[in-house]
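Raw contents of work.cif, mmCIF, C-alpha atoms:
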```cif
data_input
loop_
_atom_site.group_PDB
_atom_site.id
_atom_site.type_symbol
_atom_site.label_atom_id
_atom_site.label_comp_id
_atom_site.auth_asym_id
_atom_site.auth_seq_id
_atom_site.Cartn_x
_atom_site.Cartn_y
_atom_site.Cartn_z
ATOM 1 C CA LEU A 16 0.000 0.000 0.000
ATOM 2 C CA THR A 17 1.426 3.363 -1.036
ATOM 3 C CA VAL A 18 0.216 6.575 0.558
ATOM 4 C CA ARG A 19 0.978 9.887 -1.093
ATOM 5 C CA THR A 20 0.382 13.340 0.242
ATOM 6 C CA VAL A 21 -0.505 16.123 -2.170
ATOM 7 C CA ARG A 22 -0.402 19.745 -1.109
ATOM 8 C CA LEU A 23 -2.803 22.116 -2.855
ATOM 9 C CA THR A 24 -0.982 25.176 -4.096
ATOM 10 C CA HIS A 25 -3.684 26.609 -6.342
ATOM 11 C CA ILE A 26 -7.426 26.618 -6.013
ATOM 12 C CA VAL A 27 -9.318 27.352 -9.192
ATOM 13 C CA HIS A 28 -12.887 28.592 -9.024
ATOM 14 C CA VAL A 29 -14.928 27.649 -12.057
ATOM 15 C CA SER A 30 -18.338 29.180 -12.447
ATOM 16 C CA ALA A 31 -20.455 27.289 -14.942
ATOM 17 C CA GLU A 32 -24.029 26.156 -15.012
ATOM 18 C CA CYS A 33 -24.988 22.620 -15.839
ATOM 19 C CA GLY A 34 -25.516 22.297 -19.574
ATOM 20 C CA SER A 35 -23.926 25.624 -20.483
ATOM 21 C CA ARG A 36 -20.568 25.941 -22.149
ATOM 22 C CA PRO A 37 -18.050 28.212 -20.405
ATOM 23 C CA GLN A 38 -16.946 31.230 -22.422
ATOM 24 C CA PHE A 39 -13.434 31.283 -23.814
ATOM 25 C CA ARG A 40 -11.547 33.929 -25.693
ATOM 26 C CA SER A 41 -9.088 31.902 -27.723
ATOM 27 C CA ARG A 42 -7.800 28.400 -28.226
ATOM 28 C CA ILE A 43 -4.334 29.745 -28.895
ATOM 29 C CA VAL A 44 -2.066 29.902 -25.852
ATOM 30 C CA GLY A 45 1.170 31.863 -26.083
ATOM 31 C CA GLY A 46 0.890 32.398 -29.836
ATOM 32 C CA ASN A 47 2.022 35.259 -32.024
ATOM 33 C CA VAL A 48 0.210 37.113 -34.776
ATOM 34 C CA SER A 49 1.560 36.275 -38.224
ATOM 35 C CA ALA A 50 1.525 38.406 -41.327
ATOM 36 C CA PRO A 51 -0.538 37.288 -44.327
ATOM 37 C CA GLY A 52 1.683 35.109 -46.514
ATOM 38 C CA GLN A 53 4.243 34.463 -43.764
ATOM 39 C CA PHE A 54 3.369 30.746 -43.708
ATOM 40 C CA PRO A 55 2.166 30.029 -47.270
ATOM 41 C CA TRP A 56 1.618 26.303 -46.599
ATOM 42 C CA GLN A 57 -0.918 27.011 -43.824
ATOM 43 C CA VAL A 58 -4.589 27.497 -44.737
ATOM 44 C CA SER A 59 -7.768 28.437 -42.906
ATOM 45 C CA LEU A 60 -10.809 26.326 -43.748
ATOM 46 C CA HIS A 61 -14.028 28.341 -43.567
ATOM 47 C CA PHE A 62 -17.681 27.356 -43.274
ATOM 48 C CA GLN A 63 -20.346 30.056 -43.673
ATOM 49 C CA SER A 64 -17.669 32.781 -43.436
ATOM 50 C CA GLU A 65 -16.349 31.434 -40.094
ATOM 51 C CA HIS A 66 -12.959 29.811 -39.457
ATOM 52 C CA LEU A 67 -13.539 26.085 -39.002
ATOM 53 C CA CYS A 68 -10.076 24.501 -38.925
ATOM 54 C CA GLY A 69 -6.543 24.895 -40.133
ATOM 55 C CA GLY A 70 -4.810 22.820 -42.742
ATOM 56 C CA SER A 71 -1.514 22.395 -44.565
ATOM 57 C CA VAL A 72 -0.907 22.471 -48.311
ATOM 58 C CA VAL A 73 0.751 19.145 -49.184
ATOM 59 C CA ALA A 74 0.439 19.284 -53.004
ATOM 60 C CA ASP A 75 -0.968 21.563 -55.701
ATOM 61 C CA SER A 76 -4.539 20.391 -55.136
ATOM 62 C CA TRP A 77 -4.360 18.726 -51.689
ATOM 63 C CA ILE A 78 -4.928 20.151 -48.196
ATOM 64 C CA LEU A 79 -4.236 18.030 -45.105
ATOM 65 C CA THR A 80 -6.426 18.688 -42.063
ATOM 66 C CA ALA A 81 -7.747 16.830 -39.024
ATOM 67 C CA ALA A 82 -10.538 14.310 -39.621
ATOM 68 C CA HIS A 83 -12.916 15.987 -37.160
ATOM 69 C CA CYS A 84 -12.844 19.100 -39.356
ATOM 70 C CA VAL A 85 -14.525 17.402 -42.305
ATOM 71 C CA TYR A 86 -16.129 14.222 -40.974
ATOM 72 C CA GLY A 87 -19.136 13.865 -38.711
#
```
Since I need it in another form, could you write the structure as structure tokens?
Amino acid sequence: LTVRTVRLTHIVHVSAECGSRPQFRSRIVGGNVSAPGQFPWQVSLHFQSEHLCGGSVVADSWILTAAHCVYG
């Protein structure tokens, strides 16, 4: 039997109601703004004028993205 002691150093208060999604500002943590054309192999996939997912150009007519972006 192993007993471990854990000391709490931070207490986080989360205020959310059951069934409601907490608000968030950005999914990017510690990122930097890039200039248009700075990363020409990176694309933004849009749906109804909203950013949906990112992707990478892998050939002249092929974009690679995550499956959850286009399936389901």
Distance query 12 Å from (-9.9, 22.6, -39.9) using all atoms listed in the file, result as a VMD selection string: chain A and resid 57 to 62 65 to 71 78 to 86
Computed interatomic separation between atom CA of Pro55 of chain A and atom CA of Val72 of chain A (Å):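 Atom-to-atom, atom CA of Pro55 of chain A to atom CA of Val72 of chain A, that is 8.2 Å.
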Axis-aligned box for all listed atoms of segment 65-75 of chain A, 4 Å per side, centre and edges in Å to one decimal, as lines of an AutoDock Vina configuration file:
```
center_x = -7.8
center_y = 25.3
center_z = -47.3
size_x = 25.1
size_y = 20.3
size_z = 24.8
```
Between atom CA of Val73 of chain A and atom CA of Gln53 of chain A, distance in Å (one decimal):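 Taking atom CA of Val73 of chain A as the start and atom CA of Gln53 of chain A as the end point, the length is 16.6 Å.
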Atomic distance atom CA of Ser64 of chain A - atom CA of Asn47 of chain A, expressed in Å with one decimal: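 Spanning atom CA of Ser64 of chain A to atom CA of Asn47 of chain A is a straight-line distance of 22.9 Å.
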Generate the coordinates of N, CA and C atoms for segment 54-84 of chain A; report them as an mmCIF file, keeping the file's coordinate frame.
```cif
data_model
loop_
_atom_site.group_PDB
_atom_site.id
_atom_site.type_symbol
_atom_site.label_atom_id
_atom_site.label_comp_id
_atom_site.auth_asym_id
_atom_site.auth_seq_id
_atom_site.Cartn_x
_atom_site.Cartn_y
_atom_site.Cartn_z
ATOM 1 N N PHE A 54 3.335 32.208 -43.690
ATOM 2 C CA PHE A 54 3.369 30.746 -43.708
ATOM 3 C C PHE A 54 2.484 30.272 -44.864
ATOM 4 N N PRO A 55 2.996 30.290 -46.089
ATOM 5 C CA PRO A 55 2.166 30.029 -47.270
ATOM 6 C C PRO A 55 1.618 28.610 -47.364
ATOM 7 N N TRP A 56 2.112 27.687 -46.578
ATOM 8 C CA TRP A 56 1.618 26.303 -46.599
ATOM 9 C C TRP A 56 0.459 26.109 -45.633
ATOM 10 N N GLN A 57 0.161 27.109 -44.808
ATOM 11 C CA GLN A 57 -0.918 27.011 -43.824
ATOM 12 C C GLN A 57 -2.181 27.646 -44.388
ATOM 13 N N VAL A 58 -3.322 26.967 -44.233
ATOM 14 C CA VAL A 58 -4.589 27.497 -44.737
ATOM 15 C C VAL A 58 -5.621 27.544 -43.620
ATOM 16 N N SER A 59 -6.629 28.352 -43.811
ATOM 17 C CA SER A 59 -7.768 28.437 -42.906
ATOM 18 C C SER A 59 -8.985 27.922 -43.655
ATOM 19 N N LEU A 60 -9.598 26.873 -43.140
ATOM 20 C CA LEU A 60 -10.809 26.326 -43.748
ATOM 21 C C LEU A 60 -12.008 27.044 -43.154
ATOM 22 N N HIS A 61 -12.877 27.563 -44.023
ATOM 23 C CA HIS A 61 -14.028 28.341 -43.567
ATOM 24 C C HIS A 61 -15.334 27.622 -43.893
ATOM 25 N N PHE A 62 -16.325 27.828 -43.038
ATOM 26 C CA PHE A 62 -17.681 27.356 -43.274
ATOM 27 C C PHE A 62 -18.611 28.493 -42.913
ATOM 28 N N GLN A 63 -19.426 28.930 -43.852
ATOM 29 C CA GLN A 63 -20.346 30.056 -43.673
ATOM 30 C C GLN A 63 -19.605 31.287 -43.130
ATOM 31 N N SER A 64 -18.491 31.603 -43.749
ATOM 32 C CA SER A 64 -17.669 32.781 -43.436
ATOM 33 C C SER A 64 -17.009 32.738 -42.058
ATOM 34 N N GLU A 65 -16.992 31.587 -41.401
ATOM 35 C CA GLU A 65 -16.349 31.434 -40.094
ATOM 36 C C GLU A 65 -15.186 30.461 -40.209
ATOM 37 N N HIS A 66 -14.098 30.735 -39.487
ATOM 38 C CA HIS A 66 -12.959 29.811 -39.457
ATOM 39 C C HIS A 66 -13.416 28.505 -38.821
ATOM 40 N N LEU A 67 -13.156 27.405 -39.500
ATOM 41 C CA LEU A 67 -13.539 26.085 -39.002
ATOM 42 C C LEU A 67 -12.325 25.337 -38.481
ATOM 43 N N CYS A 68 -11.286 25.244 -39.279
ATOM 44 C CA CYS A 68 -10.076 24.501 -38.925
ATOM 45 C C CYS A 68 -8.911 25.018 -39.754
ATOM 46 N N GLY A 69 -7.731 24.604 -39.355
ATOM 47 C CA GLY A 69 -6.543 24.895 -40.133
ATOM 48 C C GLY A 69 -6.164 23.689 -40.968
ATOM 49 N N GLY A 70 -5.295 23.904 -41.906
ATOM 50 C CA GLY A 70 -4.810 22.820 -42.742
ATOM 51 C C GLY A 70 -3.454 23.176 -43.321
ATOM 52 N N SER A 71 -2.824 22.196 -43.938
ATOM 53 C CA SER A 71 -1.514 22.395 -44.565
ATOM 54 C C SER A 71 -1.572 21.984 -46.022
ATOM 55 N N VAL A 72 -0.995 22.805 -46.893
ATOM 56 C CA VAL A 72 -0.907 22.471 -48.311
ATOM 57 C C VAL A 72 0.166 21.398 -48.456
ATOM 58 N N VAL A 73 -0.213 20.233 -49.004
ATOM 59 C CA VAL A 73 0.751 19.145 -49.184
ATOM 60 C C VAL A 73 1.038 18.871 -50.656
ATOM 61 N N ALA A 74 0.232 19.403 -51.555
ATOM 62 C CA ALA A 74 0.439 19.284 -53.004
ATOM 63 C C ALA A 74 -0.390 20.374 -53.670
ATOM 64 N N ASP A 75 -0.255 20.505 -54.977
ATOM 65 C CA ASP A 75 -0.968 21.563 -55.701
ATOM 66 C C ASP A 75 -2.468 21.584 -55.446
ATOM 67 N N SER A 76 -3.086 20.430 -55.324
ATOM 68 C CA SER A 76 -4.539 20.391 -55.136
ATOM 69 C C SER A 76 -4.942 19.580 -53.903
ATOM 70 N N TRP A 77 -4.061 19.494 -52.898
ATOM 71 C CA TRP A 77 -4.360 18.726 -51.689
ATOM 72 C C TRP A 77 -4.077 19.547 -50.428
ATOM 73 N N ILE A 78 -5.063 19.524 -49.511
ATOM 74 C CA ILE A 78 -4.928 20.151 -48.196
ATOM 75 C C ILE A 78 -5.074 19.050 -47.158
ATOM 76 N N LEU A 79 -4.168 18.998 -46.194
ATOM 77 C CA LEU A 79 -4.236 18.030 -45.105
ATOM 78 C C LEU A 79 -4.790 18.728 -43.875
ATOM 79 N N THR A 80 -5.834 18.132 -43.270
ATOM 80 C CA THR A 80 -6.426 18.688 -42.063
ATOM 81 C C THR A 80 -6.835 17.541 -41.149
ATOM 82 N N ALA A 81 -7.303 17.849 -39.975
ATOM 83 C CA ALA A 81 -7.747 16.830 -39.024
ATOM 84 C C ALA A 81 -9.092 16.260 -39.460
ATOM 85 N N ALA A 82 -9.309 14.981 -39.195
ATOM 86 C CA ALA A 82 -10.538 14.310 -39.621
ATOM 87 C C ALA A 82 -11.782 14.962 -39.030
ATOM 88 N N HIS A 83 -11.720 15.409 -37.778
ATOM 89 C CA HIS A 83 -12.916 15.987 -37.160
ATOM 90 C C HIS A 83 -13.348 17.287 -37.835
ATOM 91 N N CYS A 84 -12.489 17.867 -38.651
ATOM 92 C CA CYS A 84 -12.844 19.100 -39.356
ATOM 93 C C CYS A 84 -13.791 18.855 -40.528
#
```
